[in-house]
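Student: One file is attached below, my_file.cif, containing mmCIF, C-alpha atoms and all ligand atoms.
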```
data_structure
loop_
_atom_site.label_atom_id
_atom_site.label_comp_id
_atom_site.auth_asym_id
_atom_site.auth_seq_id
_atom_site.Cartn_x
_atom_site.Cartn_y
_atom_site.Cartn_z
CA MET A 1 -17.90 6.73 -4.71
CA LYS A 2 -16.24 8.47 -7.66
CA LEU A 3 -12.60 9.20 -8.31
CA GLY A 4 -12.36 11.11 -11.58
CA SER A 5 -14.12 8.85 -14.06
CA PHE A 6 -13.73 5.75 -11.87
CA VAL A 7 -16.84 4.63 -10.06
CA MET A 8 -16.14 2.28 -7.17
CA ASP A 9 -18.42 0.52 -4.76
CA ARG A 10 -16.82 0.53 -1.28
CA PRO A 11 -13.37 -0.14 -2.69
CA VAL A 12 -10.72 -2.08 -0.80
CA PHE A 13 -7.27 -0.79 -1.75
CA LEU A 14 -3.90 -2.43 -1.41
CA ALA A 15 -1.80 0.16 0.46
CA PRO A 16 1.31 1.68 -1.03
CA MET A 17 4.27 -0.09 0.61
CA ALA A 18 7.84 0.76 -0.26
CA GLY A 19 9.83 -2.36 -1.07
CA VAL A 20 6.62 -4.42 -1.31
CA THR A 21 4.00 -3.16 -3.77
CA ASP A 22 6.12 -3.32 -6.87
CA LYS A 23 4.74 -4.51 -10.21
CA ALA A 24 5.24 -8.18 -9.30
CA PHE A 25 3.23 -7.86 -6.08
CA ARG A 26 0.54 -5.68 -7.63
CA GLU A 27 0.06 -8.24 -10.38
CA THR A 28 -0.08 -11.02 -7.81
CA VAL A 29 -2.83 -9.24 -5.89
CA ARG A 30 -4.73 -8.54 -9.10
CA SER A 31 -4.39 -12.14 -10.26
CA LEU A 32 -6.33 -13.11 -7.12
CA GLY A 33 -9.14 -10.66 -7.76
CA GLY A 34 -7.85 -7.58 -5.90
CA GLU A 35 -9.12 -4.61 -7.90
CA TYR A 36 -7.38 -1.57 -6.52
CA VAL A 37 -3.66 -1.31 -5.99
CA TRP A 38 -1.14 1.45 -5.43
CA THR A 39 2.52 1.79 -6.38
CA GLU A 40 5.29 2.16 -3.83
CA MET A 41 6.14 5.75 -3.00
CA ILE A 42 8.30 7.28 -5.72
CA SER A 43 10.70 10.18 -5.26
CA ASP A 44 9.76 13.29 -7.24
CA LYS A 45 13.40 14.26 -7.64
CA ALA A 46 14.60 10.86 -8.80
CA LEU A 47 11.75 10.76 -11.29
CA SER A 48 12.55 14.24 -12.59
CA PHE A 49 16.15 13.14 -13.19
CA ARG A 50 14.73 10.14 -15.04
CA ASN A 51 16.67 7.80 -12.78
CA PRO A 52 16.16 4.49 -14.65
CA ARG A 53 15.37 2.48 -11.52
CA THR A 54 12.78 5.05 -10.48
CA VAL A 55 11.19 5.16 -13.92
CA ARG A 56 10.90 1.36 -13.78
CA MET A 57 9.04 1.66 -10.46
CA LEU A 58 6.43 3.66 -12.27
CA ASP A 59 6.06 1.43 -15.32
CA PRO A 60 2.32 0.70 -15.51
CA GLU A 61 2.56 -1.25 -18.78
CA GLY A 62 0.02 -4.04 -18.91
CA GLU A 63 -1.64 -2.99 -15.63
CA ALA A 64 -5.37 -2.42 -15.40
CA SER A 65 -6.82 0.97 -14.46
CA PRO A 66 -6.99 2.79 -12.18
CA ARG A 67 -3.21 3.01 -12.03
CA ILE A 68 -2.52 4.91 -8.84
CA VAL A 69 1.00 6.27 -8.47
CA GLN A 70 2.27 7.70 -5.20
CA LEU A 71 4.84 10.50 -5.16
CA PHE A 72 6.79 11.95 -2.28
CA GLY A 73 8.62 15.24 -2.16
CA ALA A 74 8.83 18.57 -0.37
CA GLU A 75 8.66 21.13 -3.14
CA ALA A 76 5.63 22.15 -5.14
CA HIS A 77 7.57 22.75 -8.33
CA SER A 78 9.31 19.39 -8.49
CA MET A 79 6.22 17.50 -7.33
CA ALA A 80 4.26 19.10 -10.17
CA LYS A 81 6.96 18.15 -12.65
CA ALA A 82 7.05 14.56 -11.38
CA ALA A 83 3.27 14.35 -11.63
CA GLU A 84 3.46 15.40 -15.29
CA ILE A 85 5.97 12.63 -15.91
CA CYS A 86 3.62 10.11 -14.26
CA GLN A 87 0.79 11.30 -16.48
CA HIS A 88 3.02 10.88 -19.50
CA TYR A 89 3.80 7.28 -18.51
CA GLY A 90 0.13 6.37 -18.16
CA ALA A 91 -0.81 6.98 -14.52
CA ASP A 92 -4.56 7.47 -13.91
CA VAL A 93 -4.33 8.97 -10.43
CA ILE A 94 -1.54 10.81 -8.61
CA ASP A 95 -1.33 10.29 -4.87
CA ILE A 96 0.81 12.48 -2.62
CA ASN A 97 2.53 10.95 0.40
CA MET A 98 1.99 13.01 3.57
CA GLY A 99 2.39 10.16 5.99
CA CYS A 100 5.76 8.42 5.73
CA PRO A 101 7.29 8.64 9.23
CA THR A 102 10.85 7.48 8.39
CA LEU A 103 13.60 9.81 9.55
CA LYS A 104 15.38 9.65 6.19
CA ILE A 105 12.23 11.10 4.58
CA VAL A 106 11.04 13.59 7.18
CA LYS A 107 14.44 15.19 7.58
CA ASN A 108 14.06 16.36 3.97
CA GLY A 109 10.67 17.89 4.73
CA GLU A 110 8.88 15.04 2.91
CA GLY A 111 6.22 12.52 3.98
CA SER A 112 4.77 13.23 7.40
CA ALA A 113 7.00 16.32 7.83
CA LEU A 114 4.30 18.02 5.75
CA LEU A 115 1.88 17.54 8.62
CA ARG A 116 3.94 20.16 10.46
CA ASP A 117 3.80 22.61 7.58
CA ILE A 118 0.29 22.49 6.27
CA GLU A 119 0.74 25.68 4.21
CA ARG A 120 3.42 23.89 2.24
CA ALA A 121 1.35 20.72 2.07
CA GLN A 122 -1.50 22.70 0.57
CA LYS A 123 0.79 24.43 -1.93
CA ILE A 124 2.21 21.10 -3.08
CA ALA A 125 -1.25 19.64 -3.56
CA SER A 126 -2.42 22.73 -5.40
CA ALA A 127 0.58 22.68 -7.75
CA VAL A 128 0.08 18.99 -8.53
CA VAL A 129 -3.65 19.47 -9.17
CA ARG A 130 -2.86 22.26 -11.63
CA ALA A 131 -0.09 20.31 -13.37
CA VAL A 132 -2.10 17.29 -14.48
CA ASP A 133 -5.49 16.38 -15.92
CA LEU A 134 -5.84 13.51 -13.48
CA PRO A 135 -7.46 13.14 -10.08
CA VAL A 136 -4.99 13.95 -7.30
CA THR A 137 -5.31 12.26 -3.92
CA VAL A 138 -3.44 12.53 -0.63
CA LYS A 139 -2.51 9.87 1.92
CA MET A 140 -1.83 11.24 5.37
CA ARG A 141 -1.69 10.62 9.09
CA LEU A 142 -3.46 12.41 11.94
CA GLY A 143 -0.65 14.86 12.62
CA TRP A 144 2.89 14.87 13.94
CA ASP A 145 2.02 13.77 17.46
CA GLU A 146 -0.99 13.81 19.73
CA THR A 147 -0.47 17.50 20.58
CA GLU A 148 -0.46 18.45 16.88
CA ILE A 149 -3.47 16.78 15.28
CA VAL A 150 -4.12 18.52 11.96
CA VAL A 151 -6.18 15.99 10.07
CA LYS A 152 -9.41 17.97 9.79
CA GLU A 153 -7.80 21.33 9.03
CA LEU A 154 -5.47 19.77 6.47
CA GLY A 155 -8.28 17.73 4.94
CA ARG A 156 -10.37 20.86 4.39
CA ARG A 157 -7.44 22.75 2.90
CA LEU A 158 -6.64 19.92 0.51
CA GLU A 159 -10.23 19.68 -0.60
CA ALA A 160 -10.24 23.45 -1.21
CA VAL A 161 -7.37 23.20 -3.71
CA GLY A 162 -8.99 20.39 -5.69
CA VAL A 163 -7.77 17.14 -4.12
CA SER A 164 -10.22 14.37 -5.07
CA MET A 165 -9.83 11.82 -2.26
CA LEU A 166 -8.10 11.48 1.11
CA THR A 167 -6.70 8.35 2.69
CA LEU A 168 -6.13 8.47 6.42
CA HIS A 169 -3.79 6.17 8.28
CA ALA A 170 -5.25 6.86 11.70
CA ARG A 171 -2.01 7.22 13.63
CA THR A 172 0.34 10.14 14.29
CA ARG A 173 3.84 10.31 12.89
CA GLU A 174 5.29 9.73 16.35
CA GLU A 175 3.34 6.51 16.71
CA PHE A 176 4.92 5.04 13.58
CA TYR A 177 3.10 1.66 13.58
CA SER A 178 2.70 1.15 17.32
CA GLY A 179 -0.50 0.87 19.36
CA ARG A 180 -3.85 0.79 17.64
CA ALA A 181 -5.02 3.06 14.86
CA ASN A 182 -7.68 5.43 16.17
CA TRP A 183 -10.56 4.93 13.73
CA GLN A 184 -12.62 7.67 15.36
CA TRP A 185 -10.52 10.18 13.41
CA ILE A 186 -11.52 8.56 10.14
CA LYS A 187 -15.13 9.29 11.06
CA GLU A 188 -14.30 12.86 12.00
CA LEU A 189 -12.42 13.47 8.77
CA LYS A 190 -15.30 12.01 6.77
CA GLU A 191 -17.68 14.39 8.50
CA SER A 192 -15.38 17.37 7.82
CA VAL A 193 -14.97 17.09 4.05
CA GLY A 194 -17.13 16.46 1.01
CA ILE A 195 -14.67 14.29 -0.94
CA PRO A 196 -14.29 10.51 -0.49
CA VAL A 197 -12.31 9.34 2.54
CA ILE A 198 -10.51 6.00 2.64
CA GLY A 199 -9.81 4.53 6.08
CA ASN A 200 -6.54 2.79 6.86
CA GLY A 201 -4.94 1.12 9.86
CA ASP A 202 -5.04 -2.37 11.36
CA ILE A 203 -7.27 -4.23 8.92
CA SER A 204 -6.08 -7.80 9.16
CA ARG A 205 -9.24 -9.71 8.23
CA PRO A 206 -12.19 -9.21 5.90
CA GLU A 207 -14.40 -8.58 8.96
CA ASP A 208 -12.21 -5.63 10.01
CA ALA A 209 -12.80 -4.00 6.63
CA ARG A 210 -16.56 -4.13 7.06
CA ARG A 211 -16.31 -2.92 10.66
CA MET A 212 -14.25 0.09 9.63
CA LEU A 213 -16.79 1.02 6.95
CA GLU A 214 -19.65 0.68 9.42
CA GLU A 215 -18.01 2.43 12.35
CA THR A 216 -16.56 5.38 10.47
CA GLY A 217 -18.83 5.89 7.44
CA CYS A 218 -15.71 6.03 5.23
CA ASP A 219 -16.09 5.40 1.50
CA GLY A 220 -13.51 2.64 1.18
CA VAL A 221 -10.67 1.03 3.07
CA MET A 222 -7.01 0.29 2.56
CA ILE A 223 -4.97 -2.72 3.66
CA GLY A 224 -1.21 -2.65 4.24
CA ARG A 225 0.57 -5.13 6.52
CA GLY A 226 -2.34 -7.56 6.42
CA ALA A 227 -1.47 -8.29 2.78
CA LEU A 228 2.17 -9.21 3.43
CA GLY A 229 2.49 -12.86 2.42
CA ASN A 230 -1.29 -12.73 2.10
CA PRO A 231 -2.12 -11.21 -1.30
CA TRP A 232 -5.58 -12.83 -1.11
CA LEU A 233 -6.74 -10.43 1.57
CA PRO A 234 -7.70 -7.43 -0.61
CA PHE A 235 -10.03 -9.61 -2.71
CA ARG A 236 -11.39 -11.52 0.30
CA ALA A 237 -12.12 -8.26 2.12
CA GLN A 238 -13.69 -6.73 -0.99
CA HIS A 239 -15.90 -9.75 -1.51
CA PHE A 240 -17.01 -9.79 2.12
CA VAL A 241 -17.77 -6.07 2.15
CA ARG A 242 -19.90 -6.34 -0.99
CA THR A 243 -21.65 -9.65 -0.43
CA GLY A 244 -21.42 -10.43 3.31
CA ARG A 245 -19.98 -13.83 2.39
CA LEU A 246 -16.56 -15.01 3.52
CA THR A 247 -14.44 -16.89 1.04
CA GLY A 248 -12.24 -19.62 2.57
CA GLU A 249 -8.59 -19.26 3.46
CA PRO A 250 -6.35 -20.39 0.60
CA SER A 251 -5.00 -23.92 0.94
CA TRP A 252 -1.27 -24.58 1.27
CA HIS A 253 -1.33 -25.89 -2.27
CA ASN A 254 -2.75 -22.59 -3.39
CA ARG A 255 -0.24 -20.63 -1.29
CA SER A 256 2.58 -22.55 -2.87
CA GLU A 257 1.34 -21.83 -6.39
CA VAL A 258 0.74 -18.15 -5.77
CA ALA A 259 4.11 -17.63 -4.04
CA SER A 260 5.87 -19.41 -6.93
CA ALA A 261 4.08 -17.28 -9.51
CA HIS A 262 4.96 -14.16 -7.50
CA PHE A 263 8.62 -15.19 -7.55
CA GLU A 264 8.52 -15.83 -11.29
CA ARG A 265 7.18 -12.31 -11.82
CA LEU A 266 9.96 -10.87 -9.65
CA LEU A 267 12.57 -12.72 -11.69
CA ARG A 268 10.99 -11.47 -14.89
CA TYR A 269 10.86 -7.83 -13.82
CA LYS A 270 14.00 -7.55 -11.71
CA GLY A 271 16.34 -10.32 -12.85
CA GLU A 272 17.82 -13.22 -10.88
CA LYS A 273 19.97 -11.35 -8.40
CA ILE A 274 17.51 -8.71 -7.20
CA GLY A 275 14.51 -10.99 -7.72
CA LEU A 276 15.98 -13.63 -5.43
CA LYS A 277 17.04 -11.09 -2.82
CA GLU A 278 13.61 -9.48 -2.74
CA MET A 279 11.77 -12.80 -2.69
CA ARG A 280 13.47 -13.69 0.60
CA LYS A 281 11.32 -11.28 2.59
CA HIS A 282 8.14 -12.21 0.74
CA ALA A 283 8.85 -15.92 1.19
CA ALA A 284 9.40 -15.38 4.91
CA TRP A 285 5.92 -13.81 5.02
CA TYR A 286 4.35 -16.54 2.91
CA VAL A 287 5.51 -19.27 5.32
CA LYS A 288 3.92 -17.58 8.32
CA GLY A 289 1.67 -20.15 9.94
CA PHE A 290 3.69 -23.07 8.64
CA ARG A 291 4.63 -25.45 11.44
CA GLN A 292 8.34 -25.46 10.58
CA ALA A 293 8.37 -21.76 9.68
CA ALA A 294 11.55 -20.98 11.64
CA GLN A 295 13.63 -23.67 9.90
CA LEU A 296 12.16 -22.74 6.54
CA ARG A 297 13.02 -19.08 7.04
CA GLU A 298 16.60 -20.05 7.71
CA LYS A 299 16.68 -21.96 4.44
CA ILE A 300 15.03 -19.04 2.65
CA MET A 301 17.70 -16.64 3.89
CA GLN A 302 20.52 -18.93 2.78
CA VAL A 303 19.28 -20.04 -0.61
CA LYS A 304 21.66 -18.91 -3.35
CA GLU A 305 19.90 -19.86 -6.58
CA PRO A 306 16.42 -19.19 -7.96
CA ASP A 307 15.87 -22.93 -8.37
CA GLY A 308 16.47 -23.47 -4.67
CA MET A 309 13.92 -20.80 -3.80
CA LEU A 310 11.38 -22.30 -6.19
CA GLU A 311 11.89 -25.70 -4.60
CA ILE A 312 11.14 -24.27 -1.14
CA LEU A 313 8.03 -22.49 -2.41
CA LYS A 314 6.76 -25.55 -4.26
CA GLY A 315 7.39 -27.63 -1.13
CA LEU A 316 4.84 -25.51 0.78
CA GLY A 317 2.17 -27.25 -1.26
CA ASN A 318 2.78 -30.54 0.56
CA TYR A 319 1.96 -29.09 3.95
CA GLN A 320 -1.26 -30.45 5.47
CA GLY A 321 -1.64 -28.36 8.65
CA ASP A 322 -4.11 -25.54 9.25
CA TYR A 323 -3.12 -22.02 8.38
CA GLN A 324 -2.52 -19.94 11.49
CA GLY A 325 -0.62 -17.05 10.07
CA ASP A 326 -3.17 -14.23 9.90
CA TYR A 327 -1.49 -10.95 10.60
CA GLN A 328 -2.50 -9.59 13.99
CA ALA A 329 -2.61 -5.84 14.36
C1 LIG B 1 6.80 -2.09 4.60
C2 LIG B 1 5.90 -0.88 4.54
C3 LIG B 1 6.12 0.09 3.58
C4 LIG B 1 5.27 1.21 3.52
N1 LIG B 1 5.47 2.12 2.52
C5 LIG B 1 4.59 3.14 2.36
C6 LIG B 1 4.66 4.01 1.22
O1 LIG B 1 5.51 3.86 0.34
N2 LIG B 1 3.74 5.01 1.13
C7 LIG B 1 2.76 5.19 2.08
O2 LIG B 1 1.95 6.11 1.95
N3 LIG B 1 2.66 4.37 3.14
C8 LIG B 1 3.53 3.35 3.29
N4 LIG B 1 3.38 2.48 4.32
C9 LIG B 1 2.21 2.63 5.22
C10 LIG B 1 1.03 1.80 4.71
O3 LIG B 1 0.60 2.24 3.45
C11 LIG B 1 -0.15 1.88 5.71
O4 LIG B 1 -0.57 3.22 5.80
C12 LIG B 1 0.21 1.38 7.09
O5 LIG B 1 0.94 0.16 7.02
C13 LIG B 1 -1.04 1.18 7.96
O6 LIG B 1 -1.92 0.23 7.40
P1 LIG B 1 -1.98 -1.30 7.94
O7 LIG B 1 -2.29 -1.23 9.40
O8 LIG B 1 -3.05 -1.93 7.12
O9 LIG B 1 -0.61 -1.88 7.71
C14 LIG B 1 4.22 1.38 4.44
C15 LIG B 1 4.01 0.39 5.41
C16 LIG B 1 4.84 -0.73 5.47
C17 LIG B 1 4.56 -1.78 6.52
#
```
Could the structure of this file be written out as structure tokens, please?
Ligand SMILES: Cc1cc2nc3c(=O)[nH]c(=O)nc-3n(C[C@H](O)[C@H](O)[C@H](O)COP(=O)(O)O)c2cc1C

Tutor:
Amino acid sequence: MKLGSFVMDRPVFLAPMAGVTDKAFRETVRSLGGEYVWTEMISDKALSFRNPRTVRMLDPEGEASPRIVQLFGAEAHSMAKAAEICQHYGADVIDINMGCPTLKIVKNGEGSALLRDIERAQKIASAVVRAVDLPVTVKMRLGWDETEIVVKELGRRLEAVGVSMLTLHARTREEFYSGRANWQWIKELKESVGIPVIGNGDISRPEDARRMLEETGCDGVMIGRGALGNPWLPFRAQHFVRTGRLTGEPSWHNRSEVASAHFERLLRYKGEKIGLKEMRKHAAWYVKGFRQAAQLREKIMQVKEPDGMLEILKGLGNYQGDYQGDYQA
């Protein structure tokens, strides 16, 4: 498939995840062979005001292309302005969030609220397409709830205004993350539009990625929760999809090294205080499957100094047991 000048063979994307897919995590995934990553969602307004924290979220310095930046907002004008800023800072692709279900977001008309106002959704996409010389993509859900499924209609409207690719998380807003994603809709969207469609929802193993491609005919897939504490998964899924061969699970030694390197990146980009605070949740994910995970998590939550955290992460390397922590959808 093609996205602007980027040619990709059944790409496996790391999903945008607020509070997770920052520069440190994206680099960690890339260091393990993951090719395609996405920023966290970034507020159009905060970016327009050049809020320093928000501008840092965007910083693509040193990152390989394609650099895909996700924006959220409710107004065409400010989304277009934010997209221009992203282009200025070196983004290669602008993605628009039409799926975030959180109340804080939808009450402002942003994220999945746009699924209830597809005129506005189309206007936003059109304004962003006109504002930049980059491919513009949209990530969305099926609709607000099961009585308001808009995916095909919205997909066609977005294609008509020049959107280059659609990613579908195959749940409604009301479902949040519950139940199972309904992959049938990915197939239906793919059959309704001529642009590439990326399928998303409940890929927790490399085999799921291949199954989604086969069952839905989508052009690529995206992995979210499956990559939490498991930054190997995007590469492993990509490799399996392309070659049919499964690479082994990383050893505990490997887990320990990767988690430590991830933490070092966080300290470098965010400083000791925020880096340590943010590593707590990642570390709790990394120890999933560890026999004494509960005790370790307690230690992780209490640790007060970066050295203490590093010691815990290095200690993972001495563990001999099997890994049993695969995320289950
Ligand atoms: C912690 C977390 C943060 C997320 N943040 C975003 C976001 O910023 N933008 C977005 O489009 N989706 C976001 N999502 C949704 C994911 O991108 C993805 O669509 C969803 O998790 C379903 O995929 P999965 O079953 O592979 O997890 C988030 C999900 C999680 C778990």

Student: Write out as an MDAnalysis selection string the residues lying within 8 Å of Phe240 of chain A, counting only C-alpha atoms and excluding same-chain residues fewer than 4 positions away.

Tutor: chainID A and resid 206:207 210 236 244:247

Student: Would you mind listing the residues within 6 Å of ligand LIG 1 (chain B), counting all atoms listed in the file, as a ChimeraX atom specification?

Tutor: /A:15-18,40-41,97,99-100,139,169,200-203,223-226

Student: Find the residue from A:Gly229, A:Gly271, A:Gly308, A:Gly248 that sits nearest to Ala283 of chain A; use only C-alpha atoms when measuring.

Tutor: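 Comparing A:Gly229, A:Gly271, A:Gly308, A:Gly248 against Ala283 of chain A, the winner is A:Gly229.
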
Student: Extract, using only C-alpha atoms, all DNA, RNA and protein residues at most 7 Å from Trp183 of chain A, discarding same-chain residues fewer than 2 positions from it, and format them as a PyMOL selection string.

Tutor: chain A and resi 170+181+185-187+216

Student: Using only C-alpha atoms, which residue out of A:Leu134, A:Leu267, A:Val241, A:Ala284 lies closest to Phe6 of chain A?

Tutor: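 Closest candidate: A:Leu134.
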
Student: With all atoms listed in the file as the counted atoms, please give the residues lying no more than 12 Å from Asn108 of chain A, apart from itself and same-chain residues fewer than 3 positions off, as a list in words.

Tutor: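 Listed by chain and then number, they are Ser43, Lys45, Phe72, Gly73, Ala74, Glu75, Cys100, Pro101, Thr102, Leu103, Lys104, Ile105, Gly111, Ser112, Ala113 and Leu114 of chain A.
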
Student: Using Å and a single decimal, report how far atom CA of Pro196 of chain A sits from atom CA of Cys218 of chain A.

Tutor: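 Calculated distance between atom CA of Cys218 of chain A and atom CA of Pro196 of chain A is 7.4 Å.
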
Student: Atom CA of Leu296 of chain A and atom CA of Leu228 of chain A are how many Å apart?

Tutor: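 Computing it gives 17.1 Å between the two atoms.
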
Student: Using Å and a single decimal, report how far atom CA of Ser48 of chain A sits from atom CA of Ala24 of chain A.

Tutor: 23.8 Å
